Amino acid sequence: MSAPVIDPVRPAAPDTPAGRRPRAKRTTPARFDTALGWSDKPGLAWTFRILLCAIALGIFAAPFLTILSGAFTANASGSSLSFLPHDSTLLNFKVAGERGIWDYFTNSLVIAGGGLLLQLVVCTLAAYALARHRFRGQALILTLFMLTMMLPEEVIAIPLSLVLGDVPVVHLDLKGTVWGVILPLGAWGFSVMMLTEFMRDIPDEIEEAARLDGVGELRMLAQIVLPLCKPALGVAGVLGFIMIWDQYLLPLIAAKDPTDYTVTVALSVLRTDPEVGSGVVLAGAVIALIPSLIVYLLLQRSLVTGIAAGATKG
Amino acid sequence: MRDHRRSRRPAALLVATALAFGTVACGAGSGSAGSDDPNTLEVWTRSNPDPAATYERVFAAFTGKTGIKIDYQPVINFDQQLQSRASTKDLPDVMINDTALMGSYQSQGLLKPIDPASIRGGDEITEKTWASTVGIDGKHYGIPYSRQAQTLMIRKDWLGKLGFKAPTTWQEMLSVAKAFATKDPDGDGKADTYGMVVPGSAQNGYAAWWGASFLWQGGAEIIAPDGNDTYRPAMASTAAVHTVTWMKDNLFCGDNGVTQPGALTAVTSTATNFQDGNAGMYLTGPYNIATFDQTLGKDKYEVIPAPAGPAGGDVLADGENIYFGARTGKTAQERALAAFLISPEGQRLAMTGENQPVVRIPVNSTLNAAKVHGDARWSVVQRAYEDASEQFPNAPDFAPIKQDTADALNAIFTYCGGDVRSQLKELDETLAGDLKDQDLLK
Amino acid sequence: MTATVTTPVARRLPRKKTVVPWLFLAPGLLLALVFKFWPMAKGIWLSFFDVRPFLGDQWIGLDNYTRVLTDHRFQDAIGHTLVLGLGQSLGAILLGFVLALLLEGQARSLKIIRTAVFLPAVTATAVVGELWRLMYYPTSDGLLNSGLHLLGLGPVQFLDNPNLALYSTMAMGIWIWAPYNMVIILAGLAGVDRSLYEAAAMDGVSLWQRLRYVTLPAIRPALGIVLTLAAIRGLRVFTEVYVLTGGGPAGSTEVWMTRAYTLGFTRNDIGGASAASVVLLCVTLLLTVTVNYFRKRGDAR
């Protein structure tokens with residue numbers, strides 16, 4: 001792999017016909033809002049879209065109703081599950097609560113909050129360097145970051161456990177602290193890779209103009225580059241949160257005793273606990289997925305708002 | 001391109017830092033956990049939080065009695081954590097874990113040999129039980145702590161309704177299973193009941209764990225002692241072929257419904273048909289009696305000895321041992337803890353309380369399981385353990401052997417068209433390889 | 001445009017600033033070094049040993065590798081890994097793309113549908129396995145089977161039929177990853193300049209041409225990520241199998257990583273498990289580099 005050249009060819013180069021259009025208020029009709037040009041007025045295409053949406057919902061969301069209905073059904077079991085609860089009860093949630101799910105939930109929140117913040121900062125900084133600078137070994141560094149995603153974590157579990165017990169050079173014992181989980185999550189190859197790809201796609205003209213105004217590196221990142229890759233940040237935020245939330249092995253390795261467990265660990269524990277039924281596991285699952293959903297709802301705006309057409313012109 | 005030369009310096013700096021990190025890290029990594037206080041024992045068990053609460057109670061009683069403090073750590077991913085501690089050469093002082101792991105731990109040098117006579121109260125453990133902690137070199141490497149044997153859980157109300165009595169032989173069990181599957185014992189008019197529950201997945205060796213009782217009852221063994229501390233694979237024997245063929249033809253490839261659907265990918269945590277009330281029999285250990293009481297109801301089922309096969313009624317026994325970590329230098333305190341754990345008081349504490357019991361059948365022969373648990377059904381389990389049970393061979397590292405056996409059994413039961421004899425022969429060769437790896441093949 | 005264009009940064013920055021990118025990279029590299037590369041190097045190192053942590057590891061050279069590569073169960077797993085990895089990745093990319101195109105837009109109803117469709121991605125993996133076991137329940141009162149029952153089809157043994165189990169696992173994998181890919185592709189679609197669509201409409205191009213010549217080039221970063229991700233994750237497939245079938249029945253869903261896992265954690269052969277993982281790492285690295293090479297070449301054209 002050679003050092004990547006920032007691709008200057010972009011659909012939005014100033015000399016395309018589109019560039020000539022006056023960029024006042026957006027008055028484009030809905031059919032220019034989406035790649036497929038969906039119309040928002042009732043018609044054949046509209047009906048077709050509703051049908052497809054229904055199918056998508058059926059495939060992806062309906063199974064989830066089973067989780068929900070199971071969570072509210074006492075003694076839920078394999079053959080009796082359905083899309084709707086037979087007899088609504090909060091018993092499963094009560095049992096899950098007795099098994100300490102809320103304490104684990106709090107641990108998870110602290111770890112996910114801190115971890116996501118660190119991860120976003122670290123990965124954004126790295127991606128900015130990789131996308132907007134040229135230096136020797138660039139491709140190698142990017143490959144190194146991607147490498148972190150390639151080795152199955154089960155294999156590095158034991159060496160990692162040693163590192164967490166005694167961090168090289170500084171000799172800190174991170175086990176039993178939230179840092180033991182948060183720090184290893186800081187550099188996530190996926191976020192680095194994705195932010196790099198999207199940052200590369202920002203036209204050089206914008207950066208050039210800012211440089212002429214004497215904008216420094218940090219301000220360039222915060223005020224020029226980041227606003228332009230909001231969709232990518234949205235993805236990094238959502239998927240980063242889910243990734244941290246779903247960690248299983250790491251919290252186990254970093255734990256000193258059961259009070260350090262996270263909600264994902266607790267779910268696996270519940271799953272193998274003969275004394276609680278599927279209902280309790282599903283109740284735990286419902287509790288566990290609420291924060292991820294909230295994060296998704298908060299960040300999904302950035303996924304589809306789109307870059308205001310004129311902004312990229314600089 | 002000019003800049004590239006420039007940027008070499010920071011890169012070189014980084015590499016240097018990396019190397020520095022590397023070398024320091026190589027030297028580091030010793031004794032982080034583990035207290036050096038001779039009056040504190042670090043104790044590990046493989047436990048979920050709920051049974052861990054029972055252990056806490058037991059250890060608190062010990063500390064109150066002796067003044068020796070316990071640094072207790074319930075660990076879920078026990079073996080991973082243990083390996084990581086082993087590489088720092090700093091093991092926990094005392095570990096309580098499965099009997100089947102003894103051979104593996106001993107072969108890795110993780111365990112201290114134990115003289116039964118040095119443990120106060122050791123004479124209250126029977127010869128048979130002590131014999132299950134003898135390692136490959138003839139020394140003991142564990143102290144028995146809790147035992148259990150498989151028994152048959154069966155739906156009493158279904159038996160009554162269909163006019164059967166509790167099965168005592170394989171053939172009777174099969175008839176009952178077929179009746180449970182076809183005669184609508186729950187009376188809902190639907191064919192939604194099954195004869196027996198089987199955790200038949202190869203994952204974690206479940207198929208071998210469940211199937212072992214049948215093998216013993218059919219007169220087969222997985223590996224057999226071959227004189228002079230060596231073993232030979234025994235799964236190609238006539239008894240093994242007969243037994244496995246019987247299981248395949250009748251339980252898996254015969255009439256539908258004798259075993260629950262999905263048996264071949266089920267592990268114990270997913271084989272919930274008995275407690276869900278749609279399967280009538282379950283050959284298993286006494287782990288879940290409390291759960292069954294709660295979900296099914298005490299009056300709906302009973303605990304009976306496993307039906308006998310052509311060679312008798314032996315079932316698989318297993319349990320937990322107390323192990324002493326090698327080179328910990330706190331032998332006296334460790335012995336004191338072990339003595340307390342196997343004493344009537346220690347065992348009783350671990351069998352009662354509101355959390356899950358961690359001792360099932362007490363190893364202390366002065367105790368009666370049914371009396372301590374306050375439940376007559378436990379005497380069935382205790383009798384099965386004492387009179388008609390056999391453990392997996394404890395001396396070799398049995399994990400690979402169990403896994404290979406489970407892989408083979410699962411495949412045989414899946415492909416009904418296969419030839420059992422040749423498949424078992426193949427297994428036999430694999431087992432020979434496993435034994436050879438451990439230098440245990442003659 | 002010509003290839004001579006370098007970034008303005010590189011062209012104009014004073015020399016001392018070349019240290020800047022390294023400052024930006026430092027936190028990431030430091031964390032990766034301590035918590036990823038060091039343990040990883042150690043893991044690779046172990047693959048050359050008979051690992052006995054307490055007694056001292058024994059150097060056995062390439063023995064672990066020959067053992068893994070000649071083991072017929074690993075060889076069997078290669079085929080399953082390829083089928084499952086490829087099928088699952090491509091299926092999830094295609095479906096994710098379709099979902100993104102279908103659900104792109106600002107309307108509130110779309111927002112709600114997107115959230116609902118995204119549910120599989122936010123559900124803990126352990127629970128997804130549980131859920132699909134229930135859906136695949138092999139009797140006529142199982143969820144999917146009761147649907148088939150209405151159509152007059154007999155109960156299907158989704159997981160217990162060795163010829164079907166791999167595809168049942170694949171379906172679950174696609175179900176998990178398609179919404180994931182959808183989100184990334186949606187982010188790409190958000191970056192497409194709306195005025196291009198208008199211009200395309202004025203030029204009177206067909207929908208297909210618009211998709212092909214306007215949308216696809218503009219979401220290339222997103223597609224690149226999705227492809228790279230597939231290359232990295234495809235062969236590493238593990239959790240999906242582990243929670244659903246555990247490799248069974250009769251090893252018909254055994255993939256490379258479940259085999260390695262069994263080796264390491266039920267047979268205590270950490271050296272062998274490390275060797276198997278290193279093999280996988282090398283293949284994955286090769287695949288990723290290849291995918292990226294072709295992507296770059298596509299970009300340059």
# chains A, B, ... in the order shown; residues from 1 in each chain; ligands from 1

call {"tool": "select_by_dssp", "arguments": {"residues": "segment 154-253 of chain A", "states": "helix (DSSP H, G or I)", "output": "MDAnalysis selection string"}}
result
chainID A and resid 154:165 179:185 189:200 204:212 217:228 230:245 249:253

call {"tool": "write_last_selection", "arguments": {"atoms": "C-alpha atoms", "output": "PDB file, in the first residue's frame"}}
result
ATOM      1  CA  GLU A 154      -9.781 -14.640  23.252  1.00  0.00           C
ATOM      2  CA  VAL A 155      -6.185 -15.149  22.208  1.00  0.00           C
ATOM      3  CA  ILE A 156      -4.809 -12.009  23.781  1.00  0.00           C
ATOM      4  CA  ALA A 157      -6.920 -12.444  26.917  1.00  0.00           C
ATOM      5  CA  ILE A 158      -4.203 -13.947  29.042  1.00  0.00           C
ATOM      6  CA  PRO A 159      -1.376 -11.538  28.083  1.00  0.00           C
ATOM      7  CA  LEU A 160      -3.809  -8.641  28.381  1.00  0.00           C
ATOM      8  CA  SER A 161      -4.777  -9.805  31.822  1.00  0.00           C
ATOM      9  CA  LEU A 162      -1.098  -9.596  32.825  1.00  0.00           C
ATOM     10  CA  VAL A 163      -0.802  -6.086  31.406  1.00  0.00           C
ATOM     11  CA  LEU A 164      -3.893  -4.954  33.301  1.00  0.00           C
ATOM     12  CA  GLY A 165      -2.508  -6.301  36.542  1.00  0.00           C
ATOM     13  CA  TRP A 179      -9.806   2.165  33.856  1.00  0.00           C
ATOM     14  CA  GLY A 180      -8.991  -1.480  33.326  1.00  0.00           C
ATOM     15  CA  VAL A 181     -11.911  -1.645  30.935  1.00  0.00           C
ATOM     16  CA  ILE A 182     -11.883   1.902  29.571  1.00  0.00           C
ATOM     17  CA  LEU A 183      -8.233   2.282  28.532  1.00  0.00           C
ATOM     18  CA  PRO A 184      -7.981  -0.837  26.340  1.00  0.00           C
ATOM     19  CA  LEU A 185     -11.047   0.394  24.451  1.00  0.00           C
ATOM     20  CA  GLY A 189      -9.419   0.353  14.703  1.00  0.00           C
ATOM     21  CA  PHE A 190     -12.911   0.650  13.282  1.00  0.00           C
ATOM     22  CA  SER A 191     -13.445   4.251  14.420  1.00  0.00           C
ATOM     23  CA  VAL A 192      -9.985   5.287  13.255  1.00  0.00           C
ATOM     24  CA  MET A 193     -10.554   3.678   9.877  1.00  0.00           C
ATOM     25  CA  MET A 194     -14.001   5.126   9.390  1.00  0.00           C
ATOM     26  CA  LEU A 195     -13.206   8.652  10.511  1.00  0.00           C
ATOM     27  CA  THR A 196     -10.087   8.593   8.337  1.00  0.00           C
ATOM     28  CA  GLU A 197     -12.073   7.576   5.273  1.00  0.00           C
ATOM     29  CA  PHE A 198     -14.650  10.279   5.790  1.00  0.00           C
ATOM     30  CA  MET A 199     -12.140  13.002   6.655  1.00  0.00           C
ATOM     31  CA  ARG A 200     -10.167  12.222   3.542  1.00  0.00           C
ATOM     32  CA  ASP A 204      -8.785  20.334   0.147  1.00  0.00           C
ATOM     33  CA  GLU A 205     -10.076  23.741  -0.858  1.00  0.00           C
ATOM     34  CA  ILE A 206     -11.847  24.155   2.448  1.00  0.00           C
ATOM     35  CA  GLU A 207      -8.769  23.357   4.438  1.00  0.00           C
ATOM     36  CA  GLU A 208      -6.634  25.523   2.231  1.00  0.00           C
ATOM     37  CA  ALA A 209      -8.903  28.511   2.720  1.00  0.00           C
ATOM     38  CA  ALA A 210      -8.822  28.051   6.459  1.00  0.00           C
ATOM     39  CA  ARG A 211      -5.036  27.762   6.498  1.00  0.00           C
ATOM     40  CA  LEU A 212      -4.779  31.054   4.673  1.00  0.00           C
ATOM     41  CA  GLU A 217      -4.338  22.474  13.757  1.00  0.00           C
ATOM     42  CA  LEU A 218      -6.661  22.002  16.699  1.00  0.00           C
ATOM     43  CA  ARG A 219      -9.083  24.657  15.546  1.00  0.00           C
ATOM     44  CA  MET A 220      -8.949  23.233  12.061  1.00  0.00           C
ATOM     45  CA  LEU A 221     -10.008  19.864  13.464  1.00  0.00           C
ATOM     46  CA  ALA A 222     -12.667  21.164  15.798  1.00  0.00           C
ATOM     47  CA  GLN A 223     -14.228  23.895  13.691  1.00  0.00           C
ATOM     48  CA  ILE A 224     -13.690  22.867  10.093  1.00  0.00           C
ATOM     49  CA  VAL A 225     -13.182  19.110   9.829  1.00  0.00           C
ATOM     50  CA  LEU A 226     -15.443  17.755  12.555  1.00  0.00           C
ATOM     51  CA  PRO A 227     -18.599  19.608  11.523  1.00  0.00           C
ATOM     52  CA  LEU A 228     -18.102  18.256   8.029  1.00  0.00           C
ATOM     53  CA  LYS A 230     -20.857  14.692  11.483  1.00  0.00           C
ATOM     54  CA  PRO A 231     -22.430  11.593   9.906  1.00  0.00           C
ATOM     55  CA  ALA A 232     -19.216   9.652  10.488  1.00  0.00           C
ATOM     56  CA  LEU A 233     -19.024  10.896  14.067  1.00  0.00           C
ATOM     57  CA  GLY A 234     -22.595   9.762  14.532  1.00  0.00           C
ATOM     58  CA  VAL A 235     -21.684   6.281  13.365  1.00  0.00           C
ATOM     59  CA  ALA A 236     -18.525   6.204  15.476  1.00  0.00           C
ATOM     60  CA  GLY A 237     -20.587   7.234  18.477  1.00  0.00           C
ATOM     61  CA  VAL A 238     -23.391   4.734  18.014  1.00  0.00           C
ATOM     62  CA  LEU A 239     -21.304   1.744  17.024  1.00  0.00           C
ATOM     63  CA  GLY A 240     -18.613   2.636  19.561  1.00  0.00           C
ATOM     64  CA  PHE A 241     -21.182   2.688  22.330  1.00  0.00           C
ATOM     65  CA  ILE A 242     -22.608  -0.648  21.256  1.00  0.00           C
ATOM     66  CA  MET A 243     -19.156  -2.175  20.993  1.00  0.00           C
ATOM     67  CA  ILE A 244     -18.205  -1.015  24.490  1.00  0.00           C
ATOM     68  CA  TRP A 245     -21.575  -2.009  25.913  1.00  0.00           C
ATOM     69  CA  LEU A 249     -14.292 -10.846  28.079  1.00  0.00           C
ATOM     70  CA  LEU A 250     -12.585  -7.561  28.931  1.00  0.00           C
ATOM     71  CA  PRO A 251     -14.760  -6.691  31.948  1.00  0.00           C
ATOM     72  CA  LEU A 252     -14.303 -10.277  33.151  1.00  0.00           C
ATOM     73  CA  ILE A 253     -10.530 -10.054  32.877  1.00  0.00           C
TER      74      ILE A 253
END

call {"tool": "residues_around", "arguments": {"residues": "Val269 of chain A", "least_positions_apart": "6", "cutoff": "9 Å", "atoms": "only C-alpha atoms", "output": "list of chain:residue names"}}
result
B:Asn48, B:Pro49, B:Ile76

call {"tool": "interface_residues", "arguments": {"of": "chain A", "to": "chain B", "cutoff": "10 Å", "atoms": "only C-alpha atoms", "output": "JSON, numbers by chain"}}
result
{"A": [75, 76, 77, 78, 79, 80, 99, 100, 134, 135, 136, 137, 154, 157, 158, 159, 160, 161, 162, 163, 164, 165, 166, 167, 168, 169, 170, 171, 172, 173, 175, 249, 252, 253, 255, 256, 257, 258, 259, 265, 266, 269, 270, 271, 272, 273, 274, 275, 276, 277, 278]}

call {"tool": "residues_around", "arguments": {"residues": "segment 210-216 of chain C", "least_positions_apart": "2", "cutoff": "12 Å", "atoms": "only C-alpha atoms", "output": "PDB file with C-alpha atoms, in the first residue's frame"}}
result
ATOM      1  CA  ARG A  10     -15.165  14.962  -5.685  1.00  0.00           C
ATOM      2  CA  PRO A  11     -18.619  15.269  -7.091  1.00  0.00           C
ATOM      3  CA  ALA A  12     -18.941  18.642  -5.445  1.00  0.00           C
ATOM      4  CA  PHE A  32     -33.985  15.160  -4.305  1.00  0.00           C
ATOM      5  CA  ASP A  33     -33.488  14.284  -0.655  1.00  0.00           C
ATOM      6  CA  THR A  34     -32.766  10.625  -1.125  1.00  0.00           C
ATOM      7  CA  ALA A  35     -30.653   8.501  -3.389  1.00  0.00           C
ATOM      8  CA  LEU A  36     -33.633   6.682  -4.802  1.00  0.00           C
ATOM      9  CA  GLY A  37     -35.680   9.859  -5.130  1.00  0.00           C
TER      10      GLY A  37
ATOM     11  CA  PHE C  97     -27.450  -1.207   1.273  1.00  0.00           C
ATOM     12  CA  LEU C 101     -31.735   3.223   0.349  1.00  0.00           C
ATOM     13  CA  ILE C 185     -24.089   3.465   4.457  1.00  0.00           C
ATOM     14  CA  LEU C 186     -26.676   5.968   5.693  1.00  0.00           C
ATOM     15  CA  GLY C 188     -22.328   7.926   3.413  1.00  0.00           C
ATOM     16  CA  LEU C 189     -25.638   8.825   1.811  1.00  0.00           C
ATOM     17  CA  ALA C 190     -25.913  11.842   4.103  1.00  0.00           C
ATOM     18  CA  GLY C 191     -22.764  13.240   2.571  1.00  0.00           C
ATOM     19  CA  VAL C 192     -24.075  13.171  -0.993  1.00  0.00           C
ATOM     20  CA  ASP C 193     -24.630  16.640  -2.346  1.00  0.00           C
ATOM     21  CA  ARG C 194     -28.381  16.989  -2.882  1.00  0.00           C
ATOM     22  CA  SER C 195     -27.913  19.425  -5.748  1.00  0.00           C
ATOM     23  CA  LEU C 196     -26.339  16.616  -7.757  1.00  0.00           C
ATOM     24  CA  TYR C 197     -29.621  14.764  -7.685  1.00  0.00           C
ATOM     25  CA  GLU C 198     -31.348  17.884  -8.935  1.00  0.00           C
ATOM     26  CA  ALA C 199     -28.809  18.293 -11.686  1.00  0.00           C
ATOM     27  CA  ALA C 200     -29.198  14.668 -12.617  1.00  0.00           C
ATOM     28  CA  ALA C 201     -32.940  15.122 -12.795  1.00  0.00           C
ATOM     29  CA  MET C 202     -32.513  18.096 -15.099  1.00  0.00           C
ATOM     30  CA  ASP C 203     -30.276  16.029 -17.347  1.00  0.00           C
ATOM     31  CA  GLY C 204     -33.048  13.474 -17.424  1.00  0.00           C
ATOM     32  CA  VAL C 205     -31.013  10.462 -16.344  1.00  0.00           C
ATOM     33  CA  SER C 206     -32.727   7.316 -15.229  1.00  0.00           C
ATOM     34  CA  LEU C 207     -32.916   6.264 -11.607  1.00  0.00           C
ATOM     35  CA  TRP C 208     -30.447   3.468 -12.231  1.00  0.00           C
ATOM     36  CA  ALA C 218     -20.216   9.564  -3.515  1.00  0.00           C
ATOM     37  CA  ILE C 219     -20.648   6.858  -0.878  1.00  0.00           C
ATOM     38  CA  ARG C 220     -17.383   5.159  -1.753  1.00  0.00           C
ATOM     39  CA  PRO C 221     -15.845   5.847   1.665  1.00  0.00           C
ATOM     40  CA  ALA C 222     -18.816   4.181   3.343  1.00  0.00           C
ATOM     41  CA  LEU C 223     -18.753   1.197   0.996  1.00  0.00           C
ATOM     42  CA  GLY C 224     -15.001   0.943   1.478  1.00  0.00           C
ATOM     43  CA  ASP C 299     -10.405   5.143  -6.571  1.00  0.00           C
TER      44      ASP C 299
END

call {"tool": "residues_around", "arguments": {"residues": "Trp175 of chain C", "least_positions_apart": "5", "cutoff": "12 Å", "atoms": "only C-alpha atoms", "output": "JSON, numbers by chain"}}
result
{"A": [56, 57, 58, 59, 60, 61, 62, 63, 64], "C": [88, 89, 91, 92, 93, 94, 95, 96, 99, 117, 118, 119, 120, 121, 122, 123, 125, 128, 129, 131, 132, 168, 169, 170, 180, 181, 182, 240]}

call {"tool": "closest_atom_pairs", "arguments": {"of": "chain C", "to": "chain B", "cutoff": "9 Å", "atoms": "only C-alpha atoms", "output": "CSV"}}
result
residue,atom,partner,partner_atom,distance
C:Ala10,CA,B:Asp3,CA,7.4
C:Arg11,CA,B:Asp3,CA,8.9
C:Arg15,CA,B:Asp3,CA,7.2
C:Lys16,CA,B:Arg6,CA,8.3
C:Thr18,CA,B:Ser7,CA,5.7
C:Val19,CA,B:Pro10,CA,6.4
C:Trp22,CA,B:Pro10,CA,6.9
C:Ala26,CA,B:Leu14,CA,8.7
C:Leu30,CA,B:Ala18,CA,8.5
C:Leu33,CA,B:Ala18,CA,7.2
C:Val34,CA,B:Phe21,CA,7.8
C:Trp38,CA,B:Gly22,CA,7.0
C:Arg52,CA,B:Gln108,CA,6.0
C:Pro53,CA,B:Ser87,CA,4.5
C:Phe54,CA,B:Ala86,CA,5.0
C:Leu55,CA,B:Gly109,CA,6.2
C:Gly56,CA,B:Ser87,CA,8.1
C:Glu130,CA,B:Thr270,CA,8.6
C:Arg133,CA,B:Thr270,CA,8.9
C:Tyr137,CA,B:Gly262,CA,7.5
C:Pro138,CA,B:Pro261,CA,5.9
C:Thr139,CA,B:Pro261,CA,6.8
C:Ser140,CA,B:Asp192,CA,8.7
C:Asp141,CA,B:Asp192,CA,8.2
C:Gln157,CA,B:Gly262,CA,7.7
C:Phe158,CA,B:Gly262,CA,9.0
C:Leu159,CA,B:Gly262,CA,7.1
C:Asp160,CA,B:Gly262,CA,5.8
C:Asn161,CA,B:Thr414,CA,7.9
C:Pro162,CA,B:Thr414,CA,7.5
C:Tyr242,CA,B:Gln203,CA,8.9
C:Leu244,CA,B:Thr265,CA,8.4
C:Thr245,CA,B:Thr265,CA,5.7
C:Gly246,CA,B:Gln203,CA,5.6
C:Gly247,CA,B:Gln203,CA,7.3
C:Gly248,CA,B:Thr265,CA,6.0
C:Pro249,CA,B:Thr265,CA,5.9
C:Ala250,CA,B:Ala411,CA,3.9
C:Gly251,CA,B:Ala411,CA,7.3
C:Thr262,CA,B:Asn204,CA,7.8
C:Leu263,CA,B:Pro400,CA,8.5
C:Phe265,CA,B:Asp79,CA,7.7
C:Thr266,CA,B:Ala399,CA,6.3
C:Arg267,CA,B:Pro400,CA,5.0
C:Asn268,CA,B:Ala399,CA,8.0

call {"tool": "decode", "arguments": {"residues": "segment 155-213 of chain C", "atoms": "C-alpha atoms", "output": "mmCIF file, in the first residue's frame"}}
result
data_model
loop_
_atom_site.group_PDB
_atom_site.id
_atom_site.type_symbol
_atom_site.label_atom_id
_atom_site.label_comp_id
_atom_site.auth_asym_id
_atom_site.auth_seq_id
_atom_site.Cartn_x
_atom_site.Cartn_y
_atom_site.Cartn_z
ATOM 1 C CA PRO C 155 -41.623 -28.458 10.994
ATOM 2 C CA VAL C 156 -38.082 -27.736 9.796
ATOM 3 C CA GLN C 157 -35.100 -28.775 11.907
ATOM 4 C CA PHE C 158 -33.266 -25.505 11.397
ATOM 5 C CA LEU C 159 -30.387 -26.268 13.721
ATOM 6 C CA ASP C 160 -30.426 -30.033 14.079
ATOM 7 C CA ASN C 161 -30.233 -30.842 10.422
ATOM 8 C CA PRO C 162 -26.517 -30.897 9.596
ATOM 9 C CA ASN C 163 -27.252 -29.813 6.023
ATOM 10 C CA LEU C 164 -29.219 -26.793 7.112
ATOM 11 C CA ALA C 165 -27.560 -25.602 10.310
ATOM 12 C CA LEU C 166 -24.850 -23.571 8.568
ATOM 13 C CA TYR C 167 -27.418 -21.639 6.555
ATOM 14 C CA SER C 168 -29.587 -21.057 9.594
ATOM 15 C CA THR C 169 -26.543 -19.579 11.295
ATOM 16 C CA MET C 170 -25.860 -17.458 8.230
ATOM 17 C CA ALA C 171 -29.386 -16.040 8.306
ATOM 18 C CA MET C 172 -28.893 -14.947 11.884
ATOM 19 C CA GLY C 173 -25.537 -13.399 11.012
ATOM 20 C CA ILE C 174 -27.063 -11.372 8.214
ATOM 21 C CA TRP C 175 -29.845 -10.297 10.540
ATOM 22 C CA ILE C 176 -27.299 -8.979 13.048
ATOM 23 C CA TRP C 177 -24.950 -7.237 10.624
ATOM 24 C CA ALA C 178 -27.276 -5.775 7.988
ATOM 25 C CA PRO C 179 -28.578 -2.968 10.267
ATOM 26 C CA TYR C 180 -24.996 -2.313 11.299
ATOM 27 C CA ASN C 181 -23.974 -1.806 7.681
ATOM 28 C CA MET C 182 -27.120 0.193 7.068
ATOM 29 C CA VAL C 183 -25.987 2.814 9.565
ATOM 30 C CA ILE C 184 -22.588 3.205 7.926
ATOM 31 C CA ILE C 185 -24.089 3.465 4.457
ATOM 32 C CA LEU C 186 -26.676 5.968 5.693
ATOM 33 C CA ALA C 187 -23.797 8.127 6.908
ATOM 34 C CA GLY C 188 -22.328 7.926 3.413
ATOM 35 C CA LEU C 189 -25.638 8.825 1.811
ATOM 36 C CA ALA C 190 -25.913 11.842 4.103
ATOM 37 C CA GLY C 191 -22.764 13.240 2.571
ATOM 38 C CA VAL C 192 -24.075 13.171 -0.993
ATOM 39 C CA ASP C 193 -24.630 16.640 -2.346
ATOM 40 C CA ARG C 194 -28.381 16.989 -2.882
ATOM 41 C CA SER C 195 -27.913 19.425 -5.748
ATOM 42 C CA LEU C 196 -26.339 16.616 -7.757
ATOM 43 C CA TYR C 197 -29.621 14.764 -7.685
ATOM 44 C CA GLU C 198 -31.348 17.884 -8.935
ATOM 45 C CA ALA C 199 -28.809 18.293 -11.686
ATOM 46 C CA ALA C 200 -29.198 14.668 -12.617
ATOM 47 C CA ALA C 201 -32.940 15.122 -12.795
ATOM 48 C CA MET C 202 -32.513 18.096 -15.099
ATOM 49 C CA ASP C 203 -30.276 16.029 -17.347
ATOM 50 C CA GLY C 204 -33.048 13.474 -17.424
ATOM 51 C CA VAL C 205 -31.013 10.462 -16.344
ATOM 52 C CA SER C 206 -32.727 7.316 -15.229
ATOM 53 C CA LEU C 207 -32.916 6.264 -11.607
ATOM 54 C CA TRP C 208 -30.447 3.468 -12.231
ATOM 55 C CA GLN C 209 -27.942 5.822 -13.851
ATOM 56 C CA ARG C 210 -28.336 8.272 -11.021
ATOM 57 C CA LEU C 211 -27.645 5.510 -8.522
ATOM 58 C CA ARG C 212 -24.728 4.223 -10.525
ATOM 59 C CA TYR C 213 -23.019 7.492 -11.430
#
